[in-house]
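All remarks here apply to the structure that follows.
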Number of protein chains: 2
Amino acid sequence: MPTIKDVAKLAGVGIGTASRVINKSGYVSEETTNKVQKAIEKLGYVPNETARAFVKQNNKLVALFLPSIHHAFFSELAFYIEDELDKRGYKLMLCNSGSQMKKELEYIRMLKQNKVSGIIGISYNSIENDIHSSMPIVLVDRHIKDIPYVSSDNYEGGKLACRELKETGCSNLAYIGTFSKELLTEVEHRKKGFKEAAEAYGIQHTLFIEEDPIKDQTAFLNRFLDEYEEVDGVLAENDLMALELVQLALDRKINIPEDLSIIGYDGIEIYSALRPRLSTIRQPVENMGRSLVDTLIKRINGGTVTPVKHPVTFIKGDTTR
Amino acid sequence: MPTIKDVAKLAGVGIGTASRVINKSGYVSEETTNKVQKAIEKLGYVPNETARAFVKQNNKLVALFLPSIHHAFFSELAFYIEDELDKRGYKLMLCNSGSQMKKELEYIRMLKQNKVSGIIGISYNSIENDIHSSMPIVLVDRHIKDIPYVSSDNYEGGKLACRELKETGCSNLAYIGTFSKELLTEVEHRKKGFKEAAEAYGIQHTLFIEEDPIKDQTAFLNRFLDEYEEVDGVLAENDLMALELVQLALDRKINIPEDLSIIGYDGIEIYSALRPRLSTIRQPVENMGRSLVDTLIKRINGGTVTPVKHPVTFIKGDTTR
């Protein structure tokens, strides 16, 4: 935590002057007082031992950056993160930041000021220059410098889907999803695993991708169905995209899975009541949530950690043969 | 905030003794020290002006109780609550309490200790005796004493669904959903609106209900389809229940909407990509989230508020005629 020395240095005044402002004793000009107060605010300086102890005792708070409500995987993940934090005596602050980088930067500032103990970031913003591997931050699915991350084994997931489609008789495959020019995320590995497996099998395949975020998913999927009538096996980047593709294909009287097999990605629980049941690659969301918290708490306590990759499984539904 | 007097009283000691423990000055027996420390902890007493000011400046925190992740309506509501709190300078602490009343009681204690400023409660636990209308608490869909709540107009929603089914030619209606022996929730009004409208129309109708929470929703819905083959119009208690009923009916080769019309409740955004598109009563989730925050902040600032009921709308999909 910052000391009175840090305040004095940042304000460009002597320690005696800073002390007079803090303790409201003796004369200090208004201009200097303002400088010192700004430095106090910026550093999150807490002016005495009792208050410092109080802060320490009370800031067992972890912030979670969530990018979207329309992705049920994140809601499920948030649930397990909160549950595990609760078991470890921490509370969760929720930051639905989406594309609002400003909101994320505010929590990063709070972290620097010791007002939160750590951050779990599901972030697609360009926060590279504002975070550092010395801070207690753990990312989900994203690679920034050597900041620890937790993900599922996306490369294996892509391979697994490809193998499943091939083994059930598909001969013309497609991966449909997104790409990002700016961010390195685990979705790239999903795509890569699928592509490399298809190459190894010598099976025809296409990557049908559009820059993230896709503005009109229905139009995107219809374009795919128009242009790739010969494709008989698809891995879609997530369950919701796969579910919409299933419905659009059924609307066109395409038989599923006989003419077109479709595999989703995530294995989201709330979709399991829907029919046809989606075949999907399940990410172990509970294990991922608990391991995120475990990794973060190790970092809060100053320990070293390595990235964690969780194994995925194929769940057979009605949309593959 | 509690004072040294409160600490002394709770510990059963004099103010001088309490002061000696707090300031670590002069002799106090270990037993007495323990008593005072327990009282400090229980009351959340903060021992001086600086620390008190620090707490005040930092506790712009609101806790949200969420009962379940498997209900997308709550995730959407949480998103708008966080967004509105952020605009008002508050942070959100998320408490996925589900049936864990203990977790909710902990936040209620934190509220009493001024560690959080207010609570928005989507709670199905028996917290009646632990909360009071003088506290800054706002409930969603639940009625406890005169504690303020926000809901949609569930009575009108039930009526609206009934009218829609009747006007599109259904003649044998059912409401399917739940009841609760212990809690008075807004779901009762949904059911009541549907029932009273059907009675007013003189149309045949059934309430097919099971105690909340339904253990096996698939079995429950199959039992309904077995026992009520003659029903041609249904209002289901929420979208997810309606969606599963649609799929189970389609599996039985029941034509939707020709033989059976189905209306859901909530109007959840992430389901709108699914086919057949569900006809549903939409709750204005964004307005509800923002109005919850507005009501709570008025309560935090000591204002008086009245319950807010938001109008609902019928969204025509493919599952009604």
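Residue numbers start at 1 in each chain; chains themselves are named A, B, ... in the order of the structure tokens; ligands are numbered from 1 in the order shown.
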Inset, instruction - Based on DSSP run over this structure's backbone, return all residues of segment 139-302 of chain A in strand (DSSP E), as a VMD selection string. - result: chain A and resid 139 to 140 149 to 152 172 to 179 204 to 211 233 to 236 261 to 266 279 to 282
Legend entry - Nearby residues (only C-alpha atoms) at most 9 Å from segment 111-123 of chain B, same-chain spacing under 6 positions excluded, as an NGL selection string: (:A and (58)) or (:B and (1-2 or 42-45 or 55-56 or 58-67 or 74 or 93 or 97-99 or 101 or 104 or 135-142 or 292-293 or 296-297 or 299-300))
Legend entry - Atomic separation - atom CA of Leu94 of chain B relative to atom CA of Tyr149 of chain B, Å: 18.7 Å
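Near Glu186 of chain A, within a cut-off of 12 Å and counting only C-alpha atoms, sit the residues Ile122, Tyr124, Leu139, Val140, Asp141, Arg142, His143, Ile144, Tyr149, Val150, Ser151, Ser152, Asp153, Asn154, Tyr155, Glu156, Gly157, Gly158, Thr178, Phe179, Ser180, Lys191, Lys192, Gly193, Glu237 and Lys309 of chain A, with same-chain residues fewer than 5 positions away left out.
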Export, as a PDB file, in the first residue's frame, the selected residues with N, CA and C atoms.
```pdb
ATOM      1  N   ILE A 122     -12.540 -11.890 -18.303  1.00  0.00           N
ATOM      2  CA  ILE A 122     -12.993 -12.382 -19.597  1.00  0.00           C
ATOM      3  C   ILE A 122     -13.156 -11.108 -20.403  1.00  0.00           C
ATOM      4  N   TYR A 124     -12.275  -8.715 -23.971  1.00  0.00           N
ATOM      5  CA  TYR A 124     -11.851  -8.610 -25.361  1.00  0.00           C
ATOM      6  C   TYR A 124     -11.424  -7.181 -25.677  1.00  0.00           C
ATOM      7  N   LEU A 139      -6.649 -14.474 -16.666  1.00  0.00           N
ATOM      8  CA  LEU A 139      -7.503 -14.282 -17.835  1.00  0.00           C
ATOM      9  C   LEU A 139      -8.190 -15.589 -18.224  1.00  0.00           C
ATOM     10  N   VAL A 140      -9.284 -15.458 -18.940  1.00  0.00           N
ATOM     11  CA  VAL A 140      -9.980 -16.617 -19.476  1.00  0.00           C
ATOM     12  C   VAL A 140      -9.819 -16.589 -20.995  1.00  0.00           C
ATOM     13  N   ASP A 141      -9.272 -17.666 -21.541  1.00  0.00           N
ATOM     14  CA  ASP A 141      -9.236 -17.824 -23.004  1.00  0.00           C
ATOM     15  C   ASP A 141      -8.408 -16.780 -23.746  1.00  0.00           C
ATOM     16  N   ARG A 142      -7.619 -15.976 -23.051  1.00  0.00           N
ATOM     17  CA  ARG A 142      -6.923 -14.929 -23.763  1.00  0.00           C
ATOM     18  C   ARG A 142      -5.468 -14.888 -23.349  1.00  0.00           C
ATOM     19  N   HIS A 143      -4.604 -14.578 -24.310  1.00  0.00           N
ATOM     20  CA  HIS A 143      -3.174 -14.575 -24.035  1.00  0.00           C
ATOM     21  C   HIS A 143      -2.640 -13.149 -24.112  1.00  0.00           C
ATOM     22  N   ILE A 144      -2.202 -12.616 -22.973  1.00  0.00           N
ATOM     23  CA  ILE A 144      -1.542 -11.311 -22.951  1.00  0.00           C
ATOM     24  C   ILE A 144      -0.222 -11.499 -22.214  1.00  0.00           C
ATOM     25  N   TYR A 149      -3.504 -17.688 -17.505  1.00  0.00           N
ATOM     26  CA  TYR A 149      -4.855 -17.840 -18.036  1.00  0.00           C
ATOM     27  C   TYR A 149      -5.358 -19.246 -17.774  1.00  0.00           C
ATOM     28  N   VAL A 150      -6.659 -19.383 -17.844  1.00  0.00           N
ATOM     29  CA  VAL A 150      -7.308 -20.690 -17.727  1.00  0.00           C
ATOM     30  C   VAL A 150      -8.165 -20.851 -18.977  1.00  0.00           C
ATOM     31  N   SER A 151      -8.122 -22.029 -19.554  1.00  0.00           N
ATOM     32  CA  SER A 151      -8.961 -22.288 -20.729  1.00  0.00           C
ATOM     33  C   SER A 151      -9.264 -23.772 -20.777  1.00  0.00           C
ATOM     34  N   SER A 152     -10.127 -24.145 -21.709  1.00  0.00           N
ATOM     35  CA  SER A 152     -10.235 -25.575 -21.979  1.00  0.00           C
ATOM     36  C   SER A 152      -9.236 -25.880 -23.083  1.00  0.00           C
ATOM     37  N   ASP A 153      -9.037 -27.154 -23.361  1.00  0.00           N
ATOM     38  CA  ASP A 153      -8.060 -27.531 -24.379  1.00  0.00           C
ATOM     39  C   ASP A 153      -8.710 -27.374 -25.755  1.00  0.00           C
ATOM     40  N   ASN A 154      -8.682 -26.151 -26.246  1.00  0.00           N
ATOM     41  CA  ASN A 154      -9.396 -25.834 -27.481  1.00  0.00           C
ATOM     42  C   ASN A 154      -8.823 -26.531 -28.703  1.00  0.00           C
ATOM     43  N   TYR A 155      -7.519 -26.713 -28.703  1.00  0.00           N
ATOM     44  CA  TYR A 155      -6.897 -27.400 -29.837  1.00  0.00           C
ATOM     45  C   TYR A 155      -7.436 -28.842 -29.922  1.00  0.00           C
ATOM     46  N   GLU A 156      -7.449 -29.524 -28.787  1.00  0.00           N
ATOM     47  CA  GLU A 156      -7.994 -30.882 -28.738  1.00  0.00           C
ATOM     48  C   GLU A 156      -9.486 -30.886 -29.072  1.00  0.00           C
ATOM     49  N   GLY A 157     -10.203 -29.866 -28.627  1.00  0.00           N
ATOM     50  CA  GLY A 157     -11.635 -29.761 -28.907  1.00  0.00           C
ATOM     51  C   GLY A 157     -11.902 -29.694 -30.406  1.00  0.00           C
ATOM     52  N   GLY A 158     -11.124 -28.872 -31.103  1.00  0.00           N
ATOM     53  CA  GLY A 158     -11.263 -28.765 -32.558  1.00  0.00           C
ATOM     54  C   GLY A 158     -10.965 -30.100 -33.240  1.00  0.00           C
ATOM     55  N   THR A 178     -15.525 -17.118 -36.042  1.00  0.00           N
ATOM     56  CA  THR A 178     -15.008 -15.755 -36.136  1.00  0.00           C
ATOM     57  C   THR A 178     -13.475 -15.729 -36.149  1.00  0.00           C
ATOM     58  N   PHE A 179     -12.956 -14.564 -36.475  1.00  0.00           N
ATOM     59  CA  PHE A 179     -11.526 -14.324 -36.254  1.00  0.00           C
ATOM     60  C   PHE A 179     -11.392 -12.919 -35.687  1.00  0.00           C
ATOM     61  N   SER A 180     -10.238 -12.667 -35.088  1.00  0.00           N
ATOM     62  CA  SER A 180      -9.976 -11.327 -34.566  1.00  0.00           C
ATOM     63  C   SER A 180      -8.636 -10.857 -35.092  1.00  0.00           C
ATOM     64  N   LYS A 191     -10.061 -23.537 -33.935  1.00  0.00           N
ATOM     65  CA  LYS A 191     -10.045 -23.529 -35.398  1.00  0.00           C
ATOM     66  C   LYS A 191      -8.842 -24.313 -35.922  1.00  0.00           C
ATOM     67  N   LYS A 192      -7.687 -24.072 -35.307  1.00  0.00           N
ATOM     68  CA  LYS A 192      -6.430 -24.693 -35.735  1.00  0.00           C
ATOM     69  C   LYS A 192      -6.486 -26.212 -35.540  1.00  0.00           C
ATOM     70  N   GLY A 193      -7.013 -26.651 -34.387  1.00  0.00           N
ATOM     71  CA  GLY A 193      -7.123 -28.086 -34.115  1.00  0.00           C
ATOM     72  C   GLY A 193      -8.003 -28.755 -35.167  1.00  0.00           C
ATOM     73  N   GLU A 237     -18.653 -22.427 -33.844  1.00  0.00           N
ATOM     74  CA  GLU A 237     -17.764 -21.912 -32.799  1.00  0.00           C
ATOM     75  C   GLU A 237     -18.371 -21.947 -31.400  1.00  0.00           C
ATOM     76  N   LYS A 309      -4.991 -25.805 -18.673  1.00  0.00           N
ATOM     77  CA  LYS A 309      -5.841 -26.187 -19.803  1.00  0.00           C
ATOM     78  C   LYS A 309      -6.681 -27.380 -19.384  1.00  0.00           C
TER      79      LYS A 309
END
```
9 Å contacts from chain A to chain B using only C-alpha atoms, as a PDB file with N, CA, C and O atoms, in the first residue's frame:
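Written out: iface_29.pdb:
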```
ATOM      1  N   VAL A  46      -4.169   5.525   2.252  1.00  0.00           N
ATOM      2  CA  VAL A  46      -5.050   5.495   3.422  1.00  0.00           C
ATOM      3  C   VAL A  46      -4.231   5.962   4.610  1.00  0.00           C
ATOM      4  O   VAL A  46      -3.175   5.408   4.901  1.00  0.00           O
ATOM      5  N   PRO A  47      -4.692   7.015   5.307  1.00  0.00           N
ATOM      6  CA  PRO A  47      -3.810   7.792   6.155  1.00  0.00           C
ATOM      7  C   PRO A  47      -3.397   7.251   7.513  1.00  0.00           C
ATOM      8  O   PRO A  47      -2.695   7.945   8.193  1.00  0.00           O
ATOM      9  N   ASN A  48      -3.823   6.118   7.962  1.00  0.00           N
ATOM     10  CA  ASN A  48      -3.191   5.651   9.197  1.00  0.00           C
ATOM     11  C   ASN A  48      -3.345   4.150   9.382  1.00  0.00           C
ATOM     12  O   ASN A  48      -4.066   3.478   8.655  1.00  0.00           O
ATOM     13  N   THR A  50      -4.810   2.192  11.566  1.00  0.00           N
ATOM     14  CA  THR A  50      -6.118   1.584  11.803  1.00  0.00           C
ATOM     15  C   THR A  50      -6.889   1.464  10.503  1.00  0.00           C
ATOM     16  O   THR A  50      -7.445   0.417  10.171  1.00  0.00           O
ATOM     17  N   ALA A  51      -6.889   2.569   9.747  1.00  0.00           N
ATOM     18  CA  ALA A  51      -7.612   2.558   8.490  1.00  0.00           C
ATOM     19  C   ALA A  51      -6.990   1.543   7.537  1.00  0.00           C
ATOM     20  O   ALA A  51      -7.689   0.808   6.847  1.00  0.00           O
ATOM     21  N   ARG A  52      -5.660   1.489   7.557  1.00  0.00           N
ATOM     22  CA  ARG A  52      -4.985   0.530   6.674  1.00  0.00           C
ATOM     23  C   ARG A  52      -5.374  -0.904   7.022  1.00  0.00           C
ATOM     24  O   ARG A  52      -5.648  -1.722   6.149  1.00  0.00           O
ATOM     25  N   PHE A  54      -8.058  -1.788   8.447  1.00  0.00           N
ATOM     26  CA  PHE A  54      -9.458  -1.974   8.092  1.00  0.00           C
ATOM     27  C   PHE A  54      -9.608  -2.317   6.605  1.00  0.00           C
ATOM     28  O   PHE A  54     -10.360  -3.199   6.231  1.00  0.00           O
ATOM     29  N   VAL A  55      -8.851  -1.592   5.791  1.00  0.00           N
ATOM     30  CA  VAL A  55      -8.904  -1.857   4.358  1.00  0.00           C
ATOM     31  C   VAL A  55      -8.489  -3.289   4.079  1.00  0.00           C
ATOM     32  O   VAL A  55      -9.148  -4.035   3.368  1.00  0.00           O
ATOM     33  N   ASN A  58     -11.001  -5.812   4.867  1.00  0.00           N
ATOM     34  CA  ASN A  58     -12.262  -5.737   4.130  1.00  0.00           C
ATOM     35  C   ASN A  58     -12.170  -5.910   2.625  1.00  0.00           C
ATOM     36  O   ASN A  58     -13.182  -5.980   1.960  1.00  0.00           O
ATOM     37  N   LEU A  61     -12.081  -8.838  -1.996  1.00  0.00           N
ATOM     38  CA  LEU A  61     -12.990  -8.638  -3.125  1.00  0.00           C
ATOM     39  C   LEU A  61     -12.266  -8.998  -4.409  1.00  0.00           C
ATOM     40  O   LEU A  61     -11.119  -8.591  -4.601  1.00  0.00           O
ATOM     41  N   ALA A  63     -12.786  -8.833  -8.638  1.00  0.00           N
ATOM     42  CA  ALA A  63     -13.627  -8.332  -9.724  1.00  0.00           C
ATOM     43  C   ALA A  63     -13.627  -9.314 -10.887  1.00  0.00           C
ATOM     44  O   ALA A  63     -12.607  -9.936 -11.183  1.00  0.00           O
ATOM     45  N   SER A  68     -20.381 -10.233 -22.078  1.00  0.00           N
ATOM     46  CA  SER A  68     -21.699 -10.278 -22.722  1.00  0.00           C
ATOM     47  C   SER A  68     -22.670 -11.077 -21.872  1.00  0.00           C
ATOM     48  O   SER A  68     -22.287 -12.026 -21.207  1.00  0.00           O
ATOM     49  N   ILE A  69     -23.936 -10.664 -21.904  1.00  0.00           N
ATOM     50  CA  ILE A  69     -24.938 -11.492 -21.237  1.00  0.00           C
ATOM     51  C   ILE A  69     -25.512 -12.521 -22.178  1.00  0.00           C
ATOM     52  O   ILE A  69     -26.196 -13.432 -21.760  1.00  0.00           O
ATOM     53  N   HIS A  70     -25.272 -12.330 -23.483  1.00  0.00           N
ATOM     54  CA  HIS A  70     -25.943 -13.204 -24.426  1.00  0.00           C
ATOM     55  C   HIS A  70     -25.158 -14.482 -24.660  1.00  0.00           C
ATOM     56  O   HIS A  70     -25.422 -15.232 -25.576  1.00  0.00           O
ATOM     57  N   HIS A  71     -24.156 -14.725 -23.842  1.00  0.00           N
ATOM     58  CA  HIS A  71     -23.383 -15.946 -23.974  1.00  0.00           C
ATOM     59  C   HIS A  71     -23.539 -16.700 -22.660  1.00  0.00           C
ATOM     60  O   HIS A  71     -22.923 -16.370 -21.655  1.00  0.00           O
ATOM     61  N   ALA A  72     -24.396 -17.731 -22.685  1.00  0.00           N
ATOM     62  CA  ALA A  72     -24.746 -18.426 -21.449  1.00  0.00           C
ATOM     63  C   ALA A  72     -23.544 -19.106 -20.803  1.00  0.00           C
ATOM     64  O   ALA A  72     -23.527 -19.322 -19.586  1.00  0.00           O
ATOM     65  N   SER A  75     -22.279 -16.891 -18.126  1.00  0.00           N
ATOM     66  CA  SER A  75     -23.142 -16.856 -16.937  1.00  0.00           C
ATOM     67  C   SER A  75     -22.877 -18.078 -16.061  1.00  0.00           C
ATOM     68  O   SER A  75     -22.812 -17.980 -14.838  1.00  0.00           O
ATOM     69  N   GLU A  76     -22.733 -19.248 -16.712  1.00  0.00           N
ATOM     70  CA  GLU A  76     -22.461 -20.459 -15.934  1.00  0.00           C
ATOM     71  C   GLU A  76     -21.096 -20.363 -15.252  1.00  0.00           C
ATOM     72  O   GLU A  76     -20.934 -20.722 -14.091  1.00  0.00           O
ATOM     73  N   ALA A  78     -19.529 -17.635 -14.368  1.00  0.00           N
ATOM     74  CA  ALA A  78     -19.623 -16.652 -13.276  1.00  0.00           C
ATOM     75  C   ALA A  78     -20.208 -17.305 -12.027  1.00  0.00           C
ATOM     76  O   ALA A  78     -19.776 -17.037 -10.904  1.00  0.00           O
ATOM     77  N   PHE A  79     -21.185 -18.187 -12.225  1.00  0.00           N
ATOM     78  CA  PHE A  79     -21.798 -18.873 -11.093  1.00  0.00           C
ATOM     79  C   PHE A  79     -20.756 -19.675 -10.304  1.00  0.00           C
ATOM     80  O   PHE A  79     -20.669 -19.567  -9.085  1.00  0.00           O
ATOM     81  N   GLU A  82     -18.177 -17.444  -8.484  1.00  0.00           N
ATOM     82  CA  GLU A  82     -18.698 -16.864  -7.244  1.00  0.00           C
ATOM     83  C   GLU A  82     -18.773 -17.925  -6.149  1.00  0.00           C
ATOM     84  O   GLU A  82     -18.431 -17.666  -5.000  1.00  0.00           O
ATOM     85  N   ASP A  83     -19.192 -19.125  -6.521  1.00  0.00           N
ATOM     86  CA  ASP A  83     -19.329 -20.192  -5.536  1.00  0.00           C
ATOM     87  C   ASP A  83     -17.976 -20.527  -4.907  1.00  0.00           C
ATOM     88  O   ASP A  83     -17.856 -20.668  -3.693  1.00  0.00           O
ATOM     89  N   ASP A  86     -16.676 -17.670  -2.683  1.00  0.00           N
ATOM     90  CA  ASP A  86     -17.394 -17.687  -1.409  1.00  0.00           C
ATOM     91  C   ASP A  86     -16.776 -18.709  -0.453  1.00  0.00           C
ATOM     92  O   ASP A  86     -16.542 -18.415   0.714  1.00  0.00           O
ATOM     93  N   LYS A  91     -15.453 -12.120  -1.855  1.00  0.00           N
ATOM     94  CA  LYS A  91     -16.706 -11.706  -2.481  1.00  0.00           C
ATOM     95  C   LYS A  91     -16.425 -11.316  -3.925  1.00  0.00           C
ATOM     96  O   LYS A  91     -15.313 -10.925  -4.272  1.00  0.00           O
ATOM     97  N   LEU A  92     -17.470 -11.400  -4.741  1.00  0.00           N
ATOM     98  CA  LEU A  92     -17.316 -11.105  -6.168  1.00  0.00           C
ATOM     99  C   LEU A  92     -17.938  -9.766  -6.527  1.00  0.00           C
ATOM    100  O   LEU A  92     -19.101  -9.506  -6.215  1.00  0.00           O
ATOM    101  N   MET A  93     -17.160  -8.928  -7.223  1.00  0.00           N
ATOM    102  CA  MET A  93     -17.739  -7.724  -7.818  1.00  0.00           C
ATOM    103  C   MET A  93     -17.884  -7.977  -9.301  1.00  0.00           C
ATOM    104  O   MET A  93     -16.920  -8.369  -9.973  1.00  0.00           O
ATOM    105  N   LEU A  94     -19.071  -7.740  -9.812  1.00  0.00           N
ATOM    106  CA  LEU A  94     -19.334  -8.048 -11.213  1.00  0.00           C
ATOM    107  C   LEU A  94     -19.194  -6.790 -12.059  1.00  0.00           C
ATOM    108  O   LEU A  94     -19.775  -5.756 -11.753  1.00  0.00           O
ATOM    109  N   CYS A  95     -18.419  -6.902 -13.131  1.00  0.00           N
ATOM    110  CA  CYS A  95     -18.238  -5.790 -14.052  1.00  0.00           C
ATOM    111  C   CYS A  95     -18.592  -6.259 -15.456  1.00  0.00           C
ATOM    112  O   CYS A  95     -17.805  -6.930 -16.115  1.00  0.00           O
ATOM    113  N   ASN A  96     -19.819  -5.963 -15.888  1.00  0.00           N
ATOM    114  CA  ASN A  96     -20.223  -6.292 -17.252  1.00  0.00           C
ATOM    115  C   ASN A  96     -19.617  -5.249 -18.170  1.00  0.00           C
ATOM    116  O   ASN A  96     -20.235  -4.241 -18.469  1.00  0.00           O
ATOM    117  N   SER A  97     -18.389  -5.489 -18.599  1.00  0.00           N
ATOM    118  CA  SER A  97     -17.695  -4.418 -19.306  1.00  0.00           C
ATOM    119  C   SER A  97     -17.979  -4.417 -20.800  1.00  0.00           C
ATOM    120  O   SER A  97     -17.988  -3.373 -21.434  1.00  0.00           O
ATOM    121  N   LYS A 103     -14.520   0.907 -18.174  1.00  0.00           N
ATOM    122  CA  LYS A 103     -14.954   0.235 -16.951  1.00  0.00           C
ATOM    123  C   LYS A 103     -13.871  -0.710 -16.440  1.00  0.00           C
ATOM    124  O   LYS A 103     -13.615  -0.785 -15.241  1.00  0.00           O
ATOM    125  N   LYS A 115      -7.990  -1.749  -3.532  1.00  0.00           N
ATOM    126  CA  LYS A 115      -9.412  -1.764  -3.185  1.00  0.00           C
ATOM    127  C   LYS A 115     -10.073  -3.056  -3.641  1.00  0.00           C
ATOM    128  O   LYS A 115     -11.162  -3.393  -3.190  1.00  0.00           O
ATOM    129  N   THR A 218     -27.740 -14.457 -38.332  1.00  0.00           N
ATOM    130  CA  THR A 218     -28.678 -15.159 -39.209  1.00  0.00           C
ATOM    131  C   THR A 218     -28.235 -15.021 -40.665  1.00  0.00           C
ATOM    132  O   THR A 218     -28.185 -16.020 -41.408  1.00  0.00           O
ATOM    133  N   LEU A 240     -24.746 -21.564 -29.365  1.00  0.00           N
ATOM    134  CA  LEU A 240     -25.852 -20.736 -29.843  1.00  0.00           C
ATOM    135  C   LEU A 240     -25.807 -20.608 -31.370  1.00  0.00           C
ATOM    136  O   LEU A 240     -26.841 -20.652 -32.039  1.00  0.00           O
ATOM    137  N   MET A 241     -24.581 -20.487 -31.903  1.00  0.00           N
ATOM    138  CA  MET A 241     -24.421 -20.440 -33.357  1.00  0.00           C
ATOM    139  C   MET A 241     -24.848 -21.776 -33.974  1.00  0.00           C
ATOM    140  O   MET A 241     -25.552 -21.824 -34.992  1.00  0.00           O
ATOM    141  N   LEU A 243     -26.980 -23.955 -32.715  1.00  0.00           N
ATOM    142  CA  LEU A 243     -28.435 -24.110 -32.579  1.00  0.00           C
ATOM    143  C   LEU A 243     -29.170 -23.329 -33.673  1.00  0.00           C
ATOM    144  O   LEU A 243     -30.140 -23.824 -34.248  1.00  0.00           O
ATOM    145  N   GLU A 244     -28.693 -22.120 -33.949  1.00  0.00           N
ATOM    146  CA  GLU A 244     -29.358 -21.349 -35.001  1.00  0.00           C
ATOM    147  C   GLU A 244     -29.144 -22.003 -36.365  1.00  0.00           C
ATOM    148  O   GLU A 244     -30.059 -22.055 -37.187  1.00  0.00           O
ATOM    149  N   VAL A 246     -28.793 -25.176 -36.952  1.00  0.00           N
ATOM    150  CA  VAL A 246     -29.699 -26.333 -36.994  1.00  0.00           C
ATOM    151  C   VAL A 246     -31.085 -25.887 -37.456  1.00  0.00           C
ATOM    152  O   VAL A 246     -31.694 -26.480 -38.350  1.00  0.00           O
ATOM    153  N   GLN A 247     -31.590 -24.804 -36.855  1.00  0.00           N
ATOM    154  CA  GLN A 247     -32.938 -24.359 -37.175  1.00  0.00           C
ATOM    155  C   GLN A 247     -33.052 -23.841 -38.599  1.00  0.00           C
ATOM    156  O   GLN A 247     -34.024 -24.135 -39.306  1.00  0.00           O
ATOM    157  N   LEU A 248     -32.039 -23.085 -39.043  1.00  0.00           N
ATOM    158  CA  LEU A 248     -32.070 -22.555 -40.410  1.00  0.00           C
ATOM    159  C   LEU A 248     -31.998 -23.691 -41.418  1.00  0.00           C
ATOM    160  O   LEU A 248     -32.659 -23.662 -42.462  1.00  0.00           O
ATOM    161  N   ASP A 251     -35.355 -25.399 -41.556  1.00  0.00           N
ATOM    162  CA  ASP A 251     -36.273 -24.555 -42.338  1.00  0.00           C
ATOM    163  C   ASP A 251     -36.112 -24.816 -43.833  1.00  0.00           C
ATOM    164  O   ASP A 251     -37.059 -24.680 -44.605  1.00  0.00           O
ATOM    165  N   GLU A 269     -25.572 -25.984 -20.332  1.00  0.00           N
ATOM    166  CA  GLU A 269     -26.585 -26.746 -19.616  1.00  0.00           C
ATOM    167  C   GLU A 269     -28.016 -26.334 -19.990  1.00  0.00           C
ATOM    168  O   GLU A 269     -28.864 -27.182 -20.221  1.00  0.00           O
ATOM    169  N   ILE A 270     -28.291 -25.025 -20.050  1.00  0.00           N
ATOM    170  CA  ILE A 270     -29.680 -24.609 -20.256  1.00  0.00           C
ATOM    171  C   ILE A 270     -30.199 -24.976 -21.651  1.00  0.00           C
ATOM    172  O   ILE A 270     -31.385 -24.914 -21.891  1.00  0.00           O
ATOM    173  N   ALA A 273     -32.305 -28.924 -22.657  1.00  0.00           N
ATOM    174  CA  ALA A 273     -33.734 -29.257 -22.712  1.00  0.00           C
ATOM    175  C   ALA A 273     -34.301 -29.077 -24.123  1.00  0.00           C
ATOM    176  O   ALA A 273     -35.421 -29.494 -24.402  1.00  0.00           O
ATOM    177  N   LEU A 274     -33.552 -28.459 -25.012  1.00  0.00           N
ATOM    178  CA  LEU A 274     -34.067 -28.175 -26.353  1.00  0.00           C
ATOM    179  C   LEU A 274     -33.948 -29.397 -27.267  1.00  0.00           C
ATOM    180  O   LEU A 274     -33.070 -30.228 -27.086  1.00  0.00           O
ATOM    181  N   ARG A 275     -34.858 -29.475 -28.263  1.00  0.00           N
ATOM    182  CA  ARG A 275     -34.807 -30.560 -29.240  1.00  0.00           C
ATOM    183  C   ARG A 275     -34.676 -29.971 -30.629  1.00  0.00           C
ATOM    184  O   ARG A 275     -35.298 -28.955 -30.893  1.00  0.00           O
ATOM    185  N   PRO A 276     -33.945 -30.526 -31.606  1.00  0.00           N
ATOM    186  CA  PRO A 276     -33.096 -31.691 -31.386  1.00  0.00           C
ATOM    187  C   PRO A 276     -31.962 -31.370 -30.421  1.00  0.00           C
ATOM    188  O   PRO A 276     -31.463 -30.262 -30.406  1.00  0.00           O
TER     189      PRO A 276
END
```
Legend entry - Residues flagged alpha helix (DSSP H) by DSSP in segment 23-171 of chain B, as a ChimeraX atom specification: /B:23,30-43,49-58,72-87,101-112,154-167
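For the atom pair formed by atom CA of Glu196 of chain B and atom CA of Cys162 of chain B, the distance is 9.3 Å, given to one decimal.
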Legend entry - Shell of 6 Å around segment 3-14 of chain A, only C-alpha atoms, local chain residues under 5 positions omitted, as a VMD selection string: chain A and resid 35 to 36 39 to 40
May I have the residues from that selection written out with N, CA and C atoms, as a CSV table (one decimal), in the first residue's frame?
```
chain,number,residue,atom,x,y,z
A,35,LYS,N,-2.9,19.7,-4.7
A,35,LYS,CA,-1.9,18.7,-5.3
A,35,LYS,C,-1.8,17.5,-4.4
A,36,VAL,N,-1.7,17.7,-3.1
A,36,VAL,CA,-1.5,16.6,-2.2
A,36,VAL,C,-2.8,15.7,-2.2
A,39,ALA,N,-2.9,13.6,-5.2
A,39,ALA,CA,-2.0,12.4,-5.1
A,39,ALA,C,-2.5,11.3,-4.2
A,40,ILE,N,-3.2,11.8,-3.1
A,40,ILE,CA,-3.8,10.8,-2.1
A,40,ILE,C,-4.9,10.0,-2.9
```
